file work-v1.pdb (PDB, C-alpha atoms and all ligand atoms)
ATOM      1  CA  MET A  17     116.597 113.434  75.448  1.00  0.00           C
ATOM      2  CA  MET A  18     116.767 116.482  77.742  1.00  0.00           C
ATOM      3  CA  PHE A  19     114.249 117.141  80.510  1.00  0.00           C
ATOM      4  CA  LEU A  20     113.665 119.869  83.017  1.00  0.00           C
ATOM      5  CA  TYR A  21     113.619 118.596  86.542  1.00  0.00           C
ATOM      6  CA  SER A  22     113.017 120.517  89.720  1.00  0.00           C
ATOM      7  CA  SER A  23     115.990 121.317  91.897  1.00  0.00           C
ATOM      8  CA  PRO A  24     114.827 122.300  95.398  1.00  0.00           C
ATOM      9  CA  GLU A  25     118.204 123.866  96.342  1.00  0.00           C
ATOM     10  CA  SER A  26     117.864 126.552  93.740  1.00  0.00           C
ATOM     11  CA  GLU A  27     114.322 127.809  93.974  1.00  0.00           C
ATOM     12  CA  GLU A  28     115.171 131.524  94.317  1.00  0.00           C
ATOM     13  CA  THR A  29     114.580 132.386  90.697  1.00  0.00           C
ATOM     14  CA  ASP A  30     112.601 130.731  87.953  1.00  0.00           C
ATOM     15  CA  LYS A  31     115.730 130.680  85.834  1.00  0.00           C
ATOM     16  CA  ASN A  32     117.634 128.619  88.383  1.00  0.00           C
ATOM     17  CA  ARG A  33     114.709 126.507  89.252  1.00  0.00           C
ATOM     18  CA  TYR A  34     115.281 123.789  86.714  1.00  0.00           C
ATOM     19  CA  GLU A  35     118.430 122.094  85.615  1.00  0.00           C
ATOM     20  CA  LEU A  36     118.891 119.818  82.669  1.00  0.00           C
ATOM     21  CA  MET A  37     118.686 116.118  83.240  1.00  0.00           C
ATOM     22  CA  ASN A  38     119.516 113.920  80.288  1.00  0.00           C
ATOM     23  CA  ILE A  39     118.055 110.447  79.770  1.00  0.00           C
ATOM     24  CA  ARG A  40     120.124 108.202  77.522  1.00  0.00           C
ATOM     25  CA  LYS A  41     120.156 104.558  76.587  1.00  0.00           C
ATOM     26  CA  ALA A  42     123.164 102.672  77.968  1.00  0.00           C
ATOM     27  CA  THR A  43     125.287 100.565  75.632  1.00  0.00           C
ATOM     28  CA  ILE A  44     127.857  97.830  76.087  1.00  0.00           C
ATOM     29  CA  SER A  45     130.584 100.467  76.506  1.00  0.00           C
ATOM     30  CA  ASP A  46     128.790 101.706  79.664  1.00  0.00           C
ATOM     31  CA  ALA A  47     129.237  98.416  81.557  1.00  0.00           C
ATOM     32  CA  VAL A  48     131.677  99.821  84.136  1.00  0.00           C
ATOM     33  CA  GLN A  49     129.557 102.908  84.839  1.00  0.00           C
ATOM     34  CA  LEU A  50     126.495 100.711  85.087  1.00  0.00           C
ATOM     35  CA  GLN A  51     128.233  98.452  87.579  1.00  0.00           C
ATOM     36  CA  GLN A  52     129.142 101.456  89.733  1.00  0.00           C
ATOM     37  CA  ILE A  53     125.656 102.965  89.883  1.00  0.00           C
ATOM     38  CA  ALA A  54     123.993  99.558  90.270  1.00  0.00           C
ATOM     39  CA  ARG A  55     126.196  98.482  93.181  1.00  0.00           C
ATOM     40  CA  GLN A  56     126.075 101.848  94.912  1.00  0.00           C
ATOM     41  CA  THR A  57     122.305 102.318  94.743  1.00  0.00           C
ATOM     42  CA  PHE A  58     121.519  98.721  95.654  1.00  0.00           C
ATOM     43  CA  SER A  59     123.742  98.772  98.700  1.00  0.00           C
ATOM     44  CA  ASP A  60     122.501 102.233  99.776  1.00  0.00           C
ATOM     45  CA  THR A  61     118.929 100.951  99.569  1.00  0.00           C
ATOM     46  CA  PHE A  62     119.306  97.550 101.198  1.00  0.00           C
ATOM     47  CA  SER A  63     122.487  97.356 103.337  1.00  0.00           C
ATOM     48  CA  ALA A  64     120.798  98.571 106.499  1.00  0.00           C
ATOM     49  CA  VAL A  65     118.233  95.777 106.423  1.00  0.00           C
ATOM     50  CA  ASN A  66     120.314  92.840 105.197  1.00  0.00           C
ATOM     51  CA  SER A  67     123.344  90.921 106.391  1.00  0.00           C
ATOM     52  CA  THR A  68     126.735  91.884 104.921  1.00  0.00           C
ATOM     53  CA  GLU A  69     127.164  88.328 103.680  1.00  0.00           C
ATOM     54  CA  ASN A  70     123.876  88.288 101.752  1.00  0.00           C
ATOM     55  CA  MET A  71     124.557  91.725 100.303  1.00  0.00           C
ATOM     56  CA  GLU A  72     128.060  90.764  99.145  1.00  0.00           C
ATOM     57  CA  LYS A  73     126.802  87.604  97.505  1.00  0.00           C
ATOM     58  CA  TYR A  74     124.066  89.472  95.657  1.00  0.00           C
ATOM     59  CA  LEU A  75     126.298  92.356  94.574  1.00  0.00           C
ATOM     60  CA  THR A  76     129.021  90.012  93.342  1.00  0.00           C
ATOM     61  CA  GLU A  77     126.730  87.713  91.408  1.00  0.00           C
ATOM     62  CA  ARG A  78     124.109  90.079  90.000  1.00  0.00           C
ATOM     63  CA  PHE A  79     126.366  93.004  89.202  1.00  0.00           C
ATOM     64  CA  SER A  80     129.452  91.329  87.792  1.00  0.00           C
ATOM     65  CA  ILE A  81     130.785  92.940  84.602  1.00  0.00           C
ATOM     66  CA  GLU A  82     130.076  89.704  82.684  1.00  0.00           C
ATOM     67  CA  THR A  83     126.438  89.618  83.812  1.00  0.00           C
ATOM     68  CA  LEU A  84     125.906  93.315  83.083  1.00  0.00           C
ATOM     69  CA  LYS A  85     127.531  93.052  79.652  1.00  0.00           C
ATOM     70  CA  SER A  86     125.323  90.158  78.685  1.00  0.00           C
ATOM     71  CA  GLU A  87     122.239  92.069  79.913  1.00  0.00           C
ATOM     72  CA  LEU A  88     123.324  95.162  77.963  1.00  0.00           C
ATOM     73  CA  GLN A  89     123.563  93.017  74.850  1.00  0.00           C
ATOM     74  CA  CYS A  90     120.281  91.207  75.392  1.00  0.00           C
ATOM     75  CA  GLU A  91     117.772  92.249  72.735  1.00  0.00           C
ATOM     76  CA  ASN A  92     114.889  92.010  75.218  1.00  0.00           C
ATOM     77  CA  SER A  93     116.421  94.295  77.877  1.00  0.00           C
ATOM     78  CA  GLU A  94     117.208  98.019  77.873  1.00  0.00           C
ATOM     79  CA  PHE A  95     119.047 100.200  80.370  1.00  0.00           C
ATOM     80  CA  TYR A  96     118.761 103.991  80.618  1.00  0.00           C
ATOM     81  CA  PHE A  97     120.828 106.459  82.610  1.00  0.00           C
ATOM     82  CA  ALA A  98     119.590 109.756  84.039  1.00  0.00           C
ATOM     83  CA  GLU A  99     122.581 112.093  83.809  1.00  0.00           C
ATOM     84  CA  LYS A 100     123.324 115.647  84.801  1.00  0.00           C
ATOM     85  CA  ASP A 101     126.568 117.142  83.514  1.00  0.00           C
ATOM     86  CA  HIS A 102     127.702 113.578  82.657  1.00  0.00           C
ATOM     87  CA  GLU A 103     127.192 112.507  86.272  1.00  0.00           C
ATOM     88  CA  ILE A 104     124.874 109.515  86.594  1.00  0.00           C
ATOM     89  CA  ALA A 105     121.974 110.264  88.942  1.00  0.00           C
ATOM     90  CA  GLY A 106     120.031 107.059  88.458  1.00  0.00           C
ATOM     91  CA  TYR A 107     119.205 104.212  86.109  1.00  0.00           C
ATOM     92  CA  LEU A 108     116.375 102.148  84.736  1.00  0.00           C
ATOM     93  CA  LYS A 109     116.260  98.538  83.541  1.00  0.00           C
ATOM     94  CA  ILE A 110     113.312  97.267  81.527  1.00  0.00           C
ATOM     95  CA  ASN A 111     112.604  93.835  80.061  1.00  0.00           C
ATOM     96  CA  VAL A 112     110.203  92.292  77.572  1.00  0.00           C
ATOM     97  CA  GLY A 113     109.619  88.737  76.357  1.00  0.00           C
ATOM     98  CA  ASN A 114     111.751  86.045  77.946  1.00  0.00           C
ATOM     99  CA  ALA A 115     114.061  88.557  79.673  1.00  0.00           C
ATOM    100  CA  GLN A 116     111.287  89.271  82.213  1.00  0.00           C
ATOM    101  CA  SER A 117     111.812  87.923  85.746  1.00  0.00           C
ATOM    102  CA  GLU A 118     108.571  85.947  85.565  1.00  0.00           C
ATOM    103  CA  PRO A 119     106.434  84.684  82.678  1.00  0.00           C
ATOM    104  CA  GLN A 120     103.706  87.159  81.771  1.00  0.00           C
ATOM    105  CA  GLU A 121     100.813  87.445  79.393  1.00  0.00           C
ATOM    106  CA  PRO A 122     101.717  88.653  75.884  1.00  0.00           C
ATOM    107  CA  GLY A 123     102.310  92.390  75.583  1.00  0.00           C
ATOM    108  CA  ALA A 124     103.916  92.905  79.003  1.00  0.00           C
ATOM    109  CA  LEU A 125     106.889  95.115  79.835  1.00  0.00           C
ATOM    110  CA  GLU A 126     108.717  94.748  83.157  1.00  0.00           C
ATOM    111  CA  ILE A 127     110.360  97.584  85.042  1.00  0.00           C
ATOM    112  CA  GLU A 128     113.023  95.500  86.759  1.00  0.00           C
ATOM    113  CA  ARG A 129     114.843  98.405  88.378  1.00  0.00           C
ATOM    114  CA  ILE A 130     114.501 102.125  88.934  1.00  0.00           C
ATOM    115  CA  TYR A 131     117.278 103.335  91.192  1.00  0.00           C
ATOM    116  CA  VAL A 132     118.152 106.944  91.975  1.00  0.00           C
ATOM    117  CA  ARG A 133     121.295 107.944  93.877  1.00  0.00           C
ATOM    118  CA  LYS A 134     120.592 109.226  97.389  1.00  0.00           C
ATOM    119  CA  ASP A 135     121.638 112.815  96.719  1.00  0.00           C
ATOM    120  CA  PHE A 136     119.287 113.003  93.728  1.00  0.00           C
ATOM    121  CA  GLN A 137     116.217 111.425  95.351  1.00  0.00           C
ATOM    122  CA  GLY A 138     113.044 113.481  95.717  1.00  0.00           C
ATOM    123  CA  LYS A 139     113.913 115.614  92.667  1.00  0.00           C
ATOM    124  CA  LYS A 140     111.768 113.788  90.110  1.00  0.00           C
ATOM    125  CA  VAL A 141     114.624 111.773  88.632  1.00  0.00           C
ATOM    126  CA  GLY A 142     112.693 108.569  89.415  1.00  0.00           C
ATOM    127  CA  GLN A 143     109.688 110.079  87.698  1.00  0.00           C
ATOM    128  CA  LEU A 144     111.718 110.805  84.541  1.00  0.00           C
ATOM    129  CA  LEU A 145     113.078 107.266  84.426  1.00  0.00           C
ATOM    130  CA  TYR A 146     109.590 105.913  84.975  1.00  0.00           C
ATOM    131  CA  GLN A 147     108.243 108.067  82.124  1.00  0.00           C
ATOM    132  CA  GLN A 148     110.991 106.701  79.886  1.00  0.00           C
ATOM    133  CA  ALA A 149     109.809 103.154  80.682  1.00  0.00           C
ATOM    134  CA  VAL A 150     106.210 104.034  79.804  1.00  0.00           C
ATOM    135  CA  GLU A 151     107.354 105.721  76.591  1.00  0.00           C
ATOM    136  CA  VAL A 152     109.209 102.569  75.520  1.00  0.00           C
ATOM    137  CA  ALA A 153     106.186 100.458  76.511  1.00  0.00           C
ATOM    138  CA  GLU A 154     103.957 102.612  74.307  1.00  0.00           C
ATOM    139  CA  GLU A 155     106.430 102.444  71.409  1.00  0.00           C
ATOM    140  CA  LYS A 156     106.399  98.662  71.712  1.00  0.00           C
ATOM    141  CA  ASP A 157     102.607  98.685  71.861  1.00  0.00           C
ATOM    142  CA  ALA A 158     102.709  96.950  75.270  1.00  0.00           C
ATOM    143  CA  ARG A 159      99.405  96.217  77.002  1.00  0.00           C
ATOM    144  CA  TYR A 160     100.693  96.620  80.534  1.00  0.00           C
ATOM    145  CA  VAL A 161     103.749  97.526  82.595  1.00  0.00           C
ATOM    146  CA  TRP A 162     104.527  95.475  85.705  1.00  0.00           C
ATOM    147  CA  LEU A 163     107.173  95.205  88.419  1.00  0.00           C
ATOM    148  CA  GLY A 164     108.072  93.521  91.682  1.00  0.00           C
ATOM    149  CA  VAL A 165     108.883  95.693  94.689  1.00  0.00           C
ATOM    150  CA  TRP A 166     109.897  94.617  98.189  1.00  0.00           C
ATOM    151  CA  GLU A 167     106.823  95.013 100.403  1.00  0.00           C
ATOM    152  CA  GLU A 168     108.873  96.874 103.052  1.00  0.00           C
ATOM    153  CA  ASN A 169     110.183  99.425 100.542  1.00  0.00           C
ATOM    154  CA  HIS A 170     107.433 101.912 101.407  1.00  0.00           C
ATOM    155  CA  ARG A 171     108.851 104.818  99.472  1.00  0.00           C
ATOM    156  CA  ALA A 172     109.035 102.815  96.249  1.00  0.00           C
ATOM    157  CA  VAL A 173     105.562 101.301  96.791  1.00  0.00           C
ATOM    158  CA  ALA A 174     104.183 104.851  97.291  1.00  0.00           C
ATOM    159  CA  PHE A 175     106.006 105.984  94.158  1.00  0.00           C
ATOM    160  CA  TYR A 176     104.407 103.267  91.996  1.00  0.00           C
ATOM    161  CA  LYS A 177     100.937 103.670  93.546  1.00  0.00           C
ATOM    162  CA  LYS A 178     101.081 107.354  92.818  1.00  0.00           C
ATOM    163  CA  ASN A 179     101.743 106.450  89.198  1.00  0.00           C
ATOM    164  CA  GLY A 180      98.602 104.301  89.080  1.00  0.00           C
ATOM    165  CA  PHE A 181     100.059 100.829  89.685  1.00  0.00           C
ATOM    166  CA  VAL A 182      97.885  98.290  91.479  1.00  0.00           C
ATOM    167  CA  GLU A 183      98.939  95.134  93.283  1.00  0.00           C
ATOM    168  CA  PHE A 184      98.194  91.885  91.448  1.00  0.00           C
ATOM    169  CA  GLY A 185     100.196  89.286  93.357  1.00  0.00           C
ATOM    170  CA  LYS A 186     103.288  88.483  95.391  1.00  0.00           C
ATOM    171  CA  HIS A 187     106.499  86.665  94.637  1.00  0.00           C
ATOM    172  CA  ILE A 188     109.612  85.550  96.477  1.00  0.00           C
ATOM    173  CA  PHE A 189     112.795  87.539  95.957  1.00  0.00           C
ATOM    174  CA  LYS A 190     115.982  85.788  97.089  1.00  0.00           C
ATOM    175  CA  LEU A 191     118.691  87.964  98.579  1.00  0.00           C
ATOM    176  CA  GLY A 192     121.532  85.549  99.262  1.00  0.00           C
ATOM    177  CA  ALA A 193     120.080  82.972 101.613  1.00  0.00           C
ATOM    178  CA  ASP A 194     117.195  85.233 102.645  1.00  0.00           C
ATOM    179  CA  GLU A 195     113.764  85.037 101.061  1.00  0.00           C
ATOM    180  CA  GLN A 196     111.749  88.240 100.947  1.00  0.00           C
ATOM    181  CA  ILE A 197     108.269  89.046  99.687  1.00  0.00           C
ATOM    182  CA  ASP A 198     107.902  91.271  96.658  1.00  0.00           C
ATOM    183  CA  LEU A 199     104.575  92.841  95.759  1.00  0.00           C
ATOM    184  CA  MET A 200     103.785  92.506  92.093  1.00  0.00           C
ATOM    185  CA  MET A 201     102.190  95.642  90.720  1.00  0.00           C
ATOM    186  CA  LYS A 202     100.876  96.507  87.277  1.00  0.00           C
ATOM    187  CA  LEU A 203      99.624  99.416  85.232  1.00  0.00           C
ATOM    188  CA  GLU A 204      97.303  98.666  82.324  1.00  0.00           C
ATOM    189  CA  LEU A 205      98.100 100.790  79.282  1.00  0.00           C
ATOM    190  CA  LYS A 206      95.266  99.458  77.149  1.00  0.00           C
ATOM    191  CA  LEU A 207      91.781  98.378  78.043  1.00  0.00           C
ATOM    192  CA  SER A 208      91.157  94.959  76.569  1.00  0.00           C
TER     193      SER A 208
HETATM  194  C1  LIG B 301     111.793 105.055  94.652  1.00  0.00           C
HETATM  195  C2  LIG B 301     112.629 106.036  93.819  1.00  0.00           C
HETATM  196  C3  LIG B 301     112.970 105.393  92.483  1.00  0.00           C
HETATM  197  C4  LIG B 301     111.795 107.302  93.572  1.00  0.00           C
HETATM  198  O1  LIG B 301     112.575 108.208  92.804  1.00  0.00           O
HETATM  199  P1  LIG B 301     112.750 109.734  93.240  1.00  0.00           P
HETATM  200  O2  LIG B 301     113.522 110.420  92.187  1.00  0.00           O
HETATM  201  O3  LIG B 301     113.269 109.801  94.624  1.00  0.00           O
HETATM  202  O4  LIG B 301     111.221 110.173  93.254  1.00  0.00           O
HETATM  203  P2  LIG B 301     110.597 111.461  92.583  1.00  0.00           P
HETATM  204  O5  LIG B 301     111.289 112.686  93.048  1.00  0.00           O
HETATM  205  O6  LIG B 301     110.489 111.238  91.104  1.00  0.00           O
HETATM  206  O7  LIG B 301     109.154 111.438  93.244  1.00  0.00           O
HETATM  207  C5  LIG B 301     108.064 110.897  92.601  1.00  0.00           C
HETATM  208  C6  LIG B 301     107.064 110.445  93.661  1.00  0.00           C
HETATM  209  O8  LIG B 301     107.624 109.413  94.478  1.00  0.00           O
HETATM  210  C7  LIG B 301     107.083 109.514  95.798  1.00  0.00           C
HETATM  211  N1  LIG B 301     108.130 109.838  96.749  1.00  0.00           N
HETATM  212  C8  LIG B 301     109.306 110.460  96.528  1.00  0.00           C
HETATM  213  N2  LIG B 301     109.971 110.610  97.681  1.00  0.00           N
HETATM  214  C9  LIG B 301     109.197 110.057  98.643  1.00  0.00           C
HETATM  215  C10 LIG B 301     109.339 109.895 100.057  1.00  0.00           C
HETATM  216  N3  LIG B 301     110.400 110.353 100.721  1.00  0.00           N
HETATM  217  N4  LIG B 301     108.359 109.260 100.725  1.00  0.00           N
HETATM  218  C11 LIG B 301     107.252 108.788 100.077  1.00  0.00           C
HETATM  219  N5  LIG B 301     107.057 108.954  98.749  1.00  0.00           N
HETATM  220  C12 LIG B 301     108.027 109.561  98.051  1.00  0.00           C
HETATM  221  C13 LIG B 301     106.111 110.644  95.779  1.00  0.00           C
HETATM  222  O9  LIG B 301     104.851 110.107  95.441  1.00  0.00           O
HETATM  223  C14 LIG B 301     106.664 111.512  94.668  1.00  0.00           C
HETATM  224  O10 LIG B 301     105.729 112.357  94.087  1.00  0.00           O
HETATM  225  P3  LIG B 301     105.480 113.839  94.688  1.00  0.00           P
HETATM  226  O11 LIG B 301     106.829 114.502  94.802  1.00  0.00           O
HETATM  227  O12 LIG B 301     104.596 114.478  93.669  1.00  0.00           O
HETATM  228  O13 LIG B 301     104.826 113.613  96.002  1.00  0.00           O
HETATM  229  C15 LIG B 301     113.911 106.471  94.562  1.00  0.00           C
HETATM  230  O14 LIG B 301     113.584 107.028  95.796  1.00  0.00           O
HETATM  231  C16 LIG B 301     114.933 105.381  94.752  1.00  0.00           C
HETATM  232  O15 LIG B 301     115.759 105.129  93.894  1.00  0.00           O
HETATM  233  N6  LIG B 301     114.901 104.707  95.902  1.00  0.00           N
HETATM  234  C17 LIG B 301     115.893 103.691  96.203  1.00  0.00           C
HETATM  235  C18 LIG B 301     115.861 102.544  95.236  1.00  0.00           C
HETATM  236  C19 LIG B 301     114.533 101.878  95.163  1.00  0.00           C
HETATM  237  O16 LIG B 301     113.904 101.612  96.173  1.00  0.00           O
HETATM  238  N7  LIG B 301     114.108 101.594  93.926  1.00  0.00           N
HETATM  239  C20 LIG B 301     112.908 100.904  93.666  1.00  0.00           C
HETATM  240  C21 LIG B 301     113.192  99.442  93.740  1.00  0.00           C
HETATM  241  S1  LIG B 301     111.869  98.561  92.966  1.00  0.00           S
END

call {"tool": "encode", "arguments": {"input": "work-v1.pdb", "output": "structure tokens", "more": "lines below"}}
Ligand SMILES: CC(C)(COP(=O)(O)OP(=O)(O)OC[C@H]1O[C@@H](n2cnc3c(N)ncnc32)[C@H](O)[C@@H]1OP(=O)(O)O)[C@@H](O)C(=O)NCCC(=O)NCCS
result
Amino acid sequence: MMFLYSSPESEETDKNRYELMNIRKATISDAVQLQQIARQTFSDTFSAVNSTENMEKYLTERFSIETLKSELQCENSEFYFAEKDHEIAGYLKINVGNAQSEPQEPGALEIERIYVRKDFQGKKVGQLLYQQAVEVAEEKDARYVWLGVWEENHRAVAFYKKNGFVEFGKHIFKLGADEQIDLMMKLELKLS
């Protein structure tokens, strides 16, 4: 799927104003690329506020090729890449059913991760990945979309609030030996 996204560096003419960003579903053959973008974006986001030891432990365990391959093959999880000229700008991971991080009511879809590379942030790439998640949720006839976000990640919390998410609880996220508080946020897609 191709989308227009705004590129602030090239606002001189309408023609140059948008560049094509492609959203595609990742497959098992993308495991190495997925590992690269997952490790890079996670460490860019959290290295400054976590110990090297905790970061290393998390990166090694959660983003091993074996783990990523099994997640790519899981029928209840989907990964999407945002790409420009075959360069990966960001990725999305969504889960349904028993792949979700926490048990939910029937008809839930979890956005487990939306991560955009630093040099692409603020250019609506996150918004495109988010829209992809909502599109899949609608295709699956989901009742609500939910996620957990670290309470100190103000930019991400603002991003989800802007998209209509509301807080409905808190849960503990373990980063190595450290326990951190995640806000749980949800967006109802259907009134029931
Ligand atoms: C959070 C994140 C996914 C947003 O993606 P993005 O591509 O940078 O955001 P977009 O350009 O699509 O912006 C969409 C909205 O996000 C919010 N946003 C973006 N940049 C922001 C900033 N610097 N400060 C506060 N809000 C911001 C705004 O509400 C923005 O809408 P607006 O431009 O109409 O004001 C991205 O910044 C990111 O990957 N951050 C690091 C990883 C992370 O924290 N992921 C979430 C973990 S749960």

call {"tool": "closest_atom_pairs", "arguments": {"input": "work-v1.pdb", "of": "segment 93-164 of chain A", "to": "segment 75-87 of chain A", "cutoff": "10 Å", "atoms": "only C-alpha atoms", "output": "CSV"}}
result
residue,atom,partner,partner_atom,distance
A:Ser93,CA,A:Glu87,CA,6.6
A:Glu94,CA,A:Glu87,CA,8.1
A:Phe95,CA,A:Glu87,CA,8.7
A:Lys109,CA,A:Glu87,CA,9.5
A:Asn111,CA,A:Glu87,CA,9.8
A:Ala115,CA,A:Glu87,CA,8.9

call {"tool": "resolve_selection", "arguments": {"input": "work-v1.pdb", "expression": "the PyMOL selection byres (((not hetatm)) within 6 of (chain B and resi 301))", "output": "PDB file with C-alpha atoms, keeping the file's coordinate frame"}}
result
ATOM      1  CA  THR A  61     118.929 100.951  99.569  1.00  0.00           C
ATOM      2  CA  ARG A 129     114.843  98.405  88.378  1.00  0.00           C
ATOM      3  CA  ILE A 130     114.501 102.125  88.934  1.00  0.00           C
ATOM      4  CA  TYR A 131     117.278 103.335  91.192  1.00  0.00           C
ATOM      5  CA  VAL A 132     118.152 106.944  91.975  1.00  0.00           C
ATOM      6  CA  GLN A 137     116.217 111.425  95.351  1.00  0.00           C
ATOM      7  CA  GLY A 138     113.044 113.481  95.717  1.00  0.00           C
ATOM      8  CA  LYS A 139     113.913 115.614  92.667  1.00  0.00           C
ATOM      9  CA  LYS A 140     111.768 113.788  90.110  1.00  0.00           C
ATOM     10  CA  VAL A 141     114.624 111.773  88.632  1.00  0.00           C
ATOM     11  CA  GLY A 142     112.693 108.569  89.415  1.00  0.00           C
ATOM     12  CA  GLN A 143     109.688 110.079  87.698  1.00  0.00           C
ATOM     13  CA  VAL A 165     108.883  95.693  94.689  1.00  0.00           C
ATOM     14  CA  ARG A 171     108.851 104.818  99.472  1.00  0.00           C
ATOM     15  CA  ALA A 172     109.035 102.815  96.249  1.00  0.00           C
ATOM     16  CA  ALA A 174     104.183 104.851  97.291  1.00  0.00           C
ATOM     17  CA  PHE A 175     106.006 105.984  94.158  1.00  0.00           C
ATOM     18  CA  LYS A 178     101.081 107.354  92.818  1.00  0.00           C
TER      19      LYS A 178
END

call {"tool": "closest_residue", "arguments": {"input": "work-v1.pdb", "among": "A:Leu50, A:Leu36, A:Val161, A:Leu191", "to": "Asp101 of chain A", "atoms": "all atoms listed in the file"}}
result
A:Leu36

call {"tool": "closest_residue", "arguments": {"input": "work-v1.pdb", "among": "A:Gln51, A:Asn169, A:Asn38, A:Asn92", "to": "Ala124 of chain A", "atoms": "only C-alpha atoms"}}
result
A:Asn92

call {"tool": "closest_residue", "arguments": {"input": "work-v1.pdb", "among": "A:Ala193, A:Ala54, A:Glu121, A:Leu163", "to": "Thr68 of chain A", "atoms": "only C-alpha atoms"}}
result
A:Ala193

call {"tool": "atom_distance", "arguments": {"input": "work-v1.pdb", "atom1": "atom CA of Met201 of chain A", "atom2": "atom CA of Gly106 of chain A"}}
result
21.3 Å

call {"tool": "atom_distance", "arguments": {"input": "work-v1.pdb", "atom1": "atom CA of Val173 of chain A", "atom2": "atom CA of Met71 of chain A"}}
result
21.6 Å

call {"tool": "resolve_selection", "arguments": {"input": "work-v1.pdb", "expression": "the PyMOL selection byres (((chain A and resi 198) around 6) and not hetatm)", "output": "number ranges by chain"}}
result
A: 164-167, 186-188, 197, 199

call {"tool": "atom_distance", "arguments": {"input": "work-v1.pdb", "atom1": "atom CA of Ser59 of chain A", "atom2": "atom CA of Ala47 of chain A"}}
result
18.0 Å
